[in-house]
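Undergrad: This one is model_21.txt, compact mmCIF, C-alpha atoms and all ligand atoms.
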# COMPACT_ATOMS: atom_id res chain seq x y z
CA MET O 1 -53.27 55.15 109.13
CA SER O 2 -54.22 53.98 112.59
CA GLY O 3 -56.64 56.86 113.09
CA LEU O 4 -59.94 55.35 113.92
CA LEU O 5 -59.25 51.70 113.22
CA PRO O 6 -60.84 49.70 116.04
CA LYS O 7 -58.13 48.04 118.10
CA VAL O 8 -58.10 45.08 120.48
CA GLU O 9 -55.30 45.07 123.05
CA LEU O 10 -54.45 41.89 124.92
CA HIS O 11 -51.29 42.88 126.81
CA LEU O 12 -51.42 45.96 129.05
CA HIS O 13 -50.16 46.30 132.64
CA LEU O 14 -52.54 48.52 134.58
CA GLU O 15 -49.89 50.28 136.68
CA GLY O 16 -47.55 50.34 133.69
CA ALA O 17 -50.17 52.30 131.77
CA ALA O 18 -50.42 55.00 134.47
CA PRO O 19 -49.87 58.44 132.93
CA PRO O 20 -46.81 59.94 134.67
CA GLY O 21 -48.72 63.15 135.44
CA PHE O 22 -51.35 61.10 137.25
CA ILE O 23 -48.73 59.31 139.37
CA ARG O 24 -46.91 62.59 140.11
CA GLY O 25 -50.18 64.20 141.23
CA LEU O 26 -51.06 61.25 143.45
CA ALA O 27 -47.56 61.22 144.94
CA ALA O 28 -47.91 64.92 145.83
CA GLU O 29 -51.33 64.29 147.43
CA LYS O 30 -49.95 61.45 149.52
CA LYS O 31 -46.59 63.05 150.21
CA VAL O 32 -44.71 60.13 148.68
CA ASP O 33 -41.32 61.17 147.33
CA ILE O 34 -40.72 59.44 144.01
CA ALA O 35 -39.16 62.40 142.16
CA ARG O 36 -36.19 60.10 141.33
CA ILE O 37 -38.23 58.09 138.81
CA PHE O 38 -38.97 61.05 136.53
CA ASP O 39 -36.72 62.85 134.06
CA GLU O 40 -36.64 66.63 133.66
CA ARG O 41 -39.61 66.49 131.27
CA GLY O 42 -41.68 64.54 133.77
CA ASN O 43 -41.49 61.21 131.93
CA TYR O 44 -40.56 57.93 133.59
CA ALA O 45 -36.77 57.49 133.47
CA TYR O 46 -34.88 54.19 133.52
CA ASP O 47 -31.66 52.74 132.13
CA ASP O 48 -32.55 49.17 131.18
CA PHE O 49 -35.20 46.50 131.73
CA TRP O 50 -34.13 45.66 135.28
CA HIS O 51 -34.07 49.31 136.25
CA PHE O 52 -37.44 49.69 134.50
CA LEU O 53 -38.87 47.01 136.84
CA LYS O 54 -37.64 49.03 139.85
CA VAL O 55 -39.03 52.31 138.50
CA TYR O 56 -42.34 50.52 137.75
CA GLU O 57 -42.51 49.32 141.33
CA ALA O 58 -41.70 52.79 142.68
CA ALA O 59 -44.45 54.28 140.50
CA THR O 60 -46.96 52.04 142.32
CA GLU O 61 -46.01 53.49 145.74
CA PRO O 62 -48.61 56.29 145.75
CA LEU O 63 -51.33 53.83 144.64
CA LYS O 64 -52.48 52.94 148.12
CA THR O 65 -56.26 52.58 148.22
CA PRO O 66 -59.04 51.07 146.09
CA GLU O 67 -60.09 54.65 145.28
CA ASP O 68 -56.60 55.27 143.84
CA TYR O 69 -57.02 52.25 141.58
CA HIS O 70 -60.47 53.49 140.58
CA ARG O 71 -58.93 56.78 139.43
CA LEU O 72 -56.03 54.97 137.77
CA THR O 73 -58.35 52.72 135.78
CA LEU O 74 -60.39 55.68 134.54
CA ALA O 75 -57.23 57.55 133.50
CA VAL O 76 -55.81 54.52 131.69
CA LEU O 77 -59.00 53.69 129.81
CA GLU O 78 -59.42 57.28 128.68
CA GLU O 79 -56.00 57.08 127.01
CA SER O 80 -56.69 53.66 125.48
CA ALA O 81 -60.05 54.72 124.09
CA ALA O 82 -58.46 57.86 122.59
CA ALA O 83 -56.04 55.59 120.69
CA GLY O 84 -58.96 53.63 119.21
CA VAL O 85 -58.96 50.64 121.58
CA ILE O 86 -62.41 49.09 121.94
CA TYR O 87 -61.48 46.05 124.02
CA SER O 88 -58.57 45.62 126.39
CA GLU O 89 -57.24 42.97 128.74
CA THR O 90 -55.14 44.26 131.60
CA PHE O 91 -52.71 42.55 133.92
CA LEU O 92 -53.64 43.07 137.57
CA SER O 93 -51.13 42.27 140.26
CA PRO O 94 -52.38 41.69 143.81
CA ASP O 95 -48.72 42.14 144.76
CA PHE O 96 -49.25 45.83 144.01
CA CYS O 97 -52.95 46.32 144.68
CA GLY O 98 -54.29 45.03 147.94
CA GLY O 99 -51.34 42.85 148.77
CA ARG O 100 -52.10 39.15 148.64
CA ASP O 101 -54.72 39.46 151.35
CA LEU O 102 -57.90 38.18 149.73
CA SER O 103 -60.35 40.59 151.37
CA ALA O 104 -58.25 43.63 150.41
CA TRP O 105 -57.82 42.21 146.90
CA ARG O 106 -61.60 41.92 146.57
CA GLU O 107 -61.98 45.61 147.48
CA PHE O 108 -59.35 46.71 144.97
CA LEU O 109 -60.88 44.54 142.28
CA HIS O 110 -64.32 45.97 143.01
CA ALA O 111 -63.00 49.52 142.59
CA ILE O 112 -61.27 48.65 139.32
CA ARG O 113 -64.42 46.99 137.95
CA GLU O 114 -66.58 49.94 138.89
CA ALA O 115 -64.22 52.26 137.03
CA ALA O 116 -64.21 49.90 134.04
CA ASP O 117 -68.03 49.98 133.96
CA LEU O 118 -67.96 53.78 134.04
CA ALA O 119 -65.40 53.92 131.23
CA GLU O 120 -67.44 51.47 129.17
CA ARG O 121 -70.42 53.81 129.42
CA ARG O 122 -68.27 56.92 128.92
CA ASP O 123 -65.88 55.80 126.17
CA GLY O 124 -67.35 52.54 124.87
CA ILE O 125 -64.22 50.58 125.81
CA VAL O 126 -64.56 47.11 127.36
CA LEU O 127 -61.99 45.92 129.93
CA ARG O 128 -61.28 42.46 131.39
CA GLY O 129 -58.65 41.41 133.94
CA ILE O 130 -55.80 38.91 133.96
CA VAL O 131 -54.44 38.31 137.46
CA THR O 132 -50.68 38.18 137.33
CA PRO O 133 -48.01 37.28 139.87
CA ILE O 134 -44.58 38.86 139.61
CA ARG O 135 -42.01 36.22 138.74
CA HIS O 136 -39.07 37.65 140.67
CA LEU O 137 -41.13 37.69 143.88
CA GLY O 138 -41.01 33.90 143.71
CA PRO O 139 -43.32 30.86 143.44
CA GLU O 140 -44.64 31.02 147.01
CA LYS O 141 -46.06 34.50 146.45
CA ALA O 142 -47.38 33.37 143.08
CA LYS O 143 -49.38 30.64 144.87
CA GLU O 144 -51.09 33.26 147.05
CA VAL O 145 -51.83 35.35 143.97
CA ALA O 146 -53.26 32.26 142.25
CA LEU O 147 -55.62 31.75 145.18
CA CYS O 148 -56.77 35.39 144.91
CA ALA O 149 -57.28 34.82 141.18
CA ALA O 150 -59.17 31.55 141.68
CA GLU O 151 -61.47 33.12 144.29
CA THR O 152 -62.41 35.97 141.97
CA ALA O 153 -62.45 34.09 138.64
CA GLY O 154 -65.54 34.75 136.55
CA ASP O 155 -66.87 36.88 133.77
CA TRP O 156 -64.51 39.77 134.57
CA VAL O 157 -61.35 38.18 135.92
CA VAL O 158 -60.86 35.93 132.94
CA GLY O 159 -57.18 35.02 132.91
CA PHE O 160 -54.01 34.31 134.82
CA GLY O 161 -50.52 35.39 133.75
CA LEU O 162 -46.91 35.75 134.79
CA ALA O 163 -44.86 38.96 134.48
CA GLY O 164 -41.63 40.31 135.90
CA ASP O 165 -38.04 39.19 135.46
CA GLU O 166 -37.99 36.27 133.05
CA LYS O 167 -34.47 35.39 134.17
CA SER O 168 -35.70 34.69 137.69
CA GLY O 169 -36.51 30.98 138.21
CA LYS O 170 -38.08 28.65 135.66
CA PRO O 171 -41.67 28.37 134.45
CA LYS O 172 -42.03 24.97 136.14
CA ASP O 173 -41.55 26.70 139.53
CA PHE O 174 -44.94 28.28 138.85
CA SER O 175 -46.79 25.15 137.71
CA TRP O 176 -48.75 24.88 140.95
CA ALA O 177 -50.09 28.43 140.57
CA PHE O 178 -51.00 27.85 136.93
CA ASP O 179 -52.70 24.53 137.70
CA ALA O 180 -54.79 26.21 140.42
CA ALA O 181 -55.76 29.02 138.05
CA ARG O 182 -56.66 26.55 135.27
CA GLU O 183 -58.83 24.53 137.66
CA ALA O 184 -60.66 27.73 138.57
CA GLY O 185 -61.55 28.14 134.88
CA LEU O 186 -59.06 30.89 134.09
CA ARG O 187 -57.38 31.12 130.69
CA LEU O 188 -53.59 31.26 130.72
CA THR O 189 -50.77 33.39 129.35
CA ALA O 190 -47.19 34.04 130.50
CA HIS O 191 -44.40 36.45 129.59
CA ALA O 192 -41.70 34.43 127.81
CA GLY O 193 -39.30 34.91 124.93
CA GLU O 194 -38.71 38.55 125.83
CA TRP O 195 -35.53 38.36 127.95
CA GLY O 196 -35.29 34.59 127.74
CA GLY O 197 -34.62 32.81 124.45
CA PRO O 198 -36.73 30.22 122.59
CA GLU O 199 -36.27 27.66 125.38
CA SER O 200 -38.15 30.01 127.70
CA VAL O 201 -41.14 29.87 125.32
CA ARG O 202 -40.93 26.07 125.11
CA ASP O 203 -40.79 25.83 128.91
CA ALA O 204 -43.83 28.07 129.35
CA LEU O 205 -45.83 26.03 126.83
CA ARG O 206 -44.85 22.69 128.36
CA ASP O 207 -44.82 23.51 132.09
CA LEU O 208 -47.56 26.14 132.35
CA ARG O 209 -49.73 24.94 129.44
CA VAL O 210 -50.51 28.50 128.37
CA GLU O 211 -52.50 29.26 125.22
CA ARG O 212 -50.98 32.70 124.68
CA ILE O 213 -47.46 34.00 125.19
CA GLY O 214 -46.64 37.53 126.33
CA HIS O 215 -44.04 38.77 123.82
CA GLY O 216 -42.66 35.42 122.58
CA VAL O 217 -40.71 37.26 119.91
CA ARG O 218 -37.41 35.51 120.58
CA ALA O 219 -39.01 32.33 119.24
CA ILE O 220 -37.69 33.69 115.94
CA GLU O 221 -34.24 32.41 117.00
CA ASP O 222 -35.51 28.82 116.57
CA LEU O 223 -37.46 28.23 113.37
CA ALA O 224 -38.67 24.78 114.50
CA LEU O 225 -40.34 26.53 117.42
CA VAL O 226 -41.83 29.13 115.08
CA ASP O 227 -43.36 26.28 113.02
CA GLU O 228 -44.72 24.69 116.20
CA LEU O 229 -46.31 27.99 117.30
CA ALA O 230 -47.91 28.34 113.88
CA GLU O 231 -49.20 24.74 113.82
CA ARG O 232 -50.60 24.88 117.34
CA GLY O 233 -52.17 28.31 116.82
CA ILE O 234 -50.39 29.79 119.85
CA VAL O 235 -51.09 33.51 119.98
CA LEU O 236 -48.24 35.95 120.64
CA GLU O 237 -49.02 39.18 122.46
CA VAL O 238 -46.37 41.20 120.63
CA CYS O 239 -45.41 44.63 121.97
CA PRO O 240 -42.96 46.02 119.41
CA GLY O 241 -42.62 49.54 120.84
CA SER O 242 -41.83 48.06 124.26
CA ASN O 243 -39.17 45.75 122.81
CA ILE O 244 -37.54 48.62 120.94
CA ALA O 245 -37.67 51.06 123.87
CA LEU O 246 -36.07 48.42 126.12
CA GLY O 247 -33.32 47.76 123.57
CA LEU O 248 -34.28 44.22 122.55
CA TYR O 249 -34.27 45.32 118.89
CA GLN O 250 -32.54 48.33 117.42
CA ASP O 251 -35.38 49.69 115.37
CA TRP O 252 -38.81 48.89 113.95
CA ARG O 253 -37.54 47.26 110.78
CA SER O 254 -35.39 44.82 112.78
CA HIS O 255 -38.36 43.69 114.87
CA PRO O 256 -39.40 40.07 114.08
CA ILE O 257 -43.20 40.63 114.15
CA HIS O 258 -43.37 40.77 110.36
CA GLU O 259 -41.39 37.57 109.85
CA LEU O 260 -43.33 35.75 112.55
CA ARG O 261 -46.57 36.70 110.80
CA GLU O 262 -45.20 35.69 107.39
CA ARG O 263 -44.30 32.31 108.86
CA GLY O 264 -47.89 31.79 109.95
CA VAL O 265 -47.72 32.67 113.65
CA LYS O 266 -50.81 34.35 115.11
CA VAL O 267 -49.44 37.73 116.12
CA THR O 268 -51.34 40.45 117.93
CA VAL O 269 -50.20 43.99 118.81
CA SER O 270 -50.15 45.63 122.25
CA THR O 271 -48.38 48.44 124.11
CA ASP O 272 -47.32 46.71 127.38
CA ASP O 273 -46.68 49.87 129.47
CA PRO O 274 -47.44 52.72 127.05
CA PRO O 275 -46.16 55.86 128.86
CA PHE O 276 -42.93 54.08 129.85
CA PHE O 277 -42.27 53.39 126.18
CA HIS O 278 -43.68 56.64 124.76
CA THR O 279 -46.28 54.74 122.82
CA THR O 280 -50.00 54.22 122.27
CA MET O 281 -51.88 51.64 120.21
CA ALA O 282 -52.28 54.28 117.48
CA ARG O 283 -48.53 54.84 117.44
CA GLU O 284 -47.81 51.09 117.28
CA TYR O 285 -50.08 50.83 114.23
CA ASP O 286 -48.45 53.82 112.55
CA ARG O 287 -44.92 52.54 113.12
CA LEU O 288 -45.78 49.04 111.88
CA ALA O 289 -47.48 50.43 108.79
CA THR O 290 -44.38 52.46 107.96
CA ALA O 291 -41.81 49.76 108.77
CA PHE O 292 -43.50 46.86 106.99
CA ASP O 293 -45.89 48.50 104.59
CA TRP O 294 -48.83 46.96 106.41
CA ASP O 295 -52.20 48.16 105.11
CA GLU O 296 -55.64 48.25 106.71
CA GLY O 297 -56.25 44.65 105.65
CA VAL O 298 -53.35 43.45 107.83
CA PHE O 299 -54.54 45.46 110.82
CA ASP O 300 -58.07 44.20 110.35
CA GLU O 301 -56.77 40.62 110.39
CA ILE O 302 -54.73 41.35 113.52
CA ALA O 303 -57.75 42.85 115.29
CA LYS O 304 -59.80 39.73 114.40
CA THR O 305 -57.01 37.41 115.61
CA SER O 306 -56.90 39.39 118.85
CA ALA O 307 -60.67 39.27 119.33
CA LYS O 308 -60.65 35.49 118.78
CA ALA O 309 -57.82 35.08 121.29
CA ALA O 310 -59.46 37.30 123.92
CA PHE O 311 -60.22 35.49 127.18
CA CYS O 312 -63.70 37.01 127.60
CA ASP O 313 -66.92 35.03 127.17
CA GLU O 314 -68.51 34.50 123.76
CA LYS O 315 -71.19 37.13 124.21
CA THR O 316 -68.61 39.82 124.95
CA ARG O 317 -66.45 38.62 122.06
CA GLU O 318 -69.34 38.85 119.59
CA ASN O 319 -69.71 42.52 120.48
CA ILE O 320 -66.03 43.32 120.02
CA LEU O 321 -65.75 43.47 116.24
N1 LIG A 401 -44.05 44.10 133.71
C1 LIG A 401 -44.37 45.21 133.07
N2 LIG A 401 -43.85 45.23 131.83
C2 LIG A 401 -43.17 44.07 131.68
C3 LIG A 401 -42.41 43.50 130.64
N3 LIG A 401 -42.24 44.10 129.47
N4 LIG A 401 -41.84 42.30 130.87
C4 LIG A 401 -42.00 41.69 132.03
N5 LIG A 401 -42.70 42.18 133.04
C5 LIG A 401 -43.28 43.37 132.88
ZN ZN A 402 -45.82 42.82 129.71
Please rewrite the model in this file as structure tokens.
Ligand code: ADE
Ligand code: ZN
TA:
Amino acid sequence: MSGLLPKVELHLHLEGAAPPGFIRGLAAEKKVDIARIFDERGNYAYDDFWHFLKVYEAATEPLKTPEDYHRLTLAVLEESAAAGVIYSETFLSPDFCGGRDLSAWREFLHAIREAADLAERRDGIVLRGIVTPIRHLGPEKAKEVALCAAETAGDWVVGFGLAGDEKSGKPKDFSWAFDAAREAGLRLTAHAGEWGGPESVRDALRDLRVERIGHGVRAIEDLALVDELAERGIVLEVCPGSNIALGLYQDWRSHPIHELRERGVKVTVSTDDPPFFHTTMAREYDRLATAFDWDEGVFDEIAKTSAKAAFCDEKTRENIL
């Protein structure tokens, strides 16, 4: 079903999309011992979400230079393009690339952009960046990340987000960072309603004034909130395969994406960290088609919703679909 349908992905973590073979190769080159994060088949291995965050962080250890990020970006976009993605927004974390030192961040960003330009010419896929602090590293670090984001905001760095452990702190702790990003012209999204319940989504909307929510699926536990999301046209970056792999829902048919859509919420589909969850955009489409009997018309509507909700400029958007 998914085959060649053009796909727009709004929620993808750059390091989280790193093919495990790529990270293993880089670790060998740099003599970094991270054998513990792989299972016997060479896939990333973790027990639960909090362990996943640790394994994710360990997988970034061999990514040391801008050149490493250049190679990573090329590897990731090759996989995305092969799954039919034509436009992608990726979370970039100065906490992992370049530290929060602005001059190093600029170098890393430059390398990533160069690779994105190459991939656009090679595979026809367009990439834009969303700078994203890591919630469990705390609000002070998020402020420094926001300053990096504000200094590099423009036609390529188009958004600001918040990832990491949703149970760490409250959205309002990050209001300063989000205000700074908004003033710099960045569009806003935050992970919420994944490990936190509906109140976490309400808090992110009220205290961070985001226009999209990363995941947001647990809004389904509060139908008044679902109605509010639908009325306000808040877009959910839903990552069903991620939620199922991390044990949030037992299987595809129990995932709330279908009900959220039926209730009028603007849902989109993304992979989050595809190799960690043994998924691709093509696989997400296939699984959704099977679980909910979604046809090409539904996927076409989802791609259009995603393109409209993309943070890029109008000219780029017009070329998406
Ligand atoms: N970082 C990478 N993947 C994530 C997820 N699913 N939730 C929160 N932070 C993340
Ligand atoms: Zn995510």
Undergrad: Ligand LIG 401 (chain A): which residues are within 9 Å, counting all atoms listed in the file? Reply as a ChimeraX atom specification.
TA: /O:12-16,49,52-53,56,91,134-135,162-166,191-192,194-195,214-215,239,242-243,246,272-273
Undergrad: Figure out the distance between atom CA of O:Pro240 and atom CA of O:His255, please, to one decimal in Å.
TA: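 Computed distance, atom CA of O:His255 to atom CA of O:Pro240, equals 6.9 Å.
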Undergrad: Out of O:Thr73, O:Ser175, O:Thr290, O:Ser80, which residue has the shortest atom-to-atom distance to O:Leu10 when counting only C-alpha atoms?
TA: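 Selected residue with least distance to O:Leu10: O:Ser80.
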Undergrad: Atom CA of O:Arg218 and atom CA of O:Pro198, how far apart in Å?
TA: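 Between atom CA of O:Pro198 and atom CA of O:Arg218 the gap works out to 5.7 Å.
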Undergrad: Pick the closest to O:Leu92 from O:Ile112, O:Val32, O:Leu188, O:Ala180: which is it, counting only C-alpha atoms?
TA: O:Ile112
Undergrad: For O:Ala28, which of O:Gly197, O:Val85, O:Pro62, O:Asp222 is the closest residue, counting only C-alpha atoms?
TA: O:Pro62
Undergrad: Using all atoms listed in the file, which of O:Thr271, O:Arg113, O:Gly21, O:Lys30 sits nearest ligand ZN 402 (chain A)?
TA: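 Closest to ligand ZN 402 (chain A) of all the choices is O:Thr271.
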Undergrad: Compare O:Glu231, O:Asp48, O:Asp39, O:Asp33 by their minimum atom-to-atom distance to O:Ala245, counting all atoms listed in the file, and give me the closest one.
TA: O:Asp48
Undergrad: Around the point (-37.2, 45.4, 108.8) in the file's coordinates, collect all residues with an atom within 12 Å, using all atoms listed in the file, and return them as a PyMOL selection string.
TA: chain O and resi 249-259+287-294
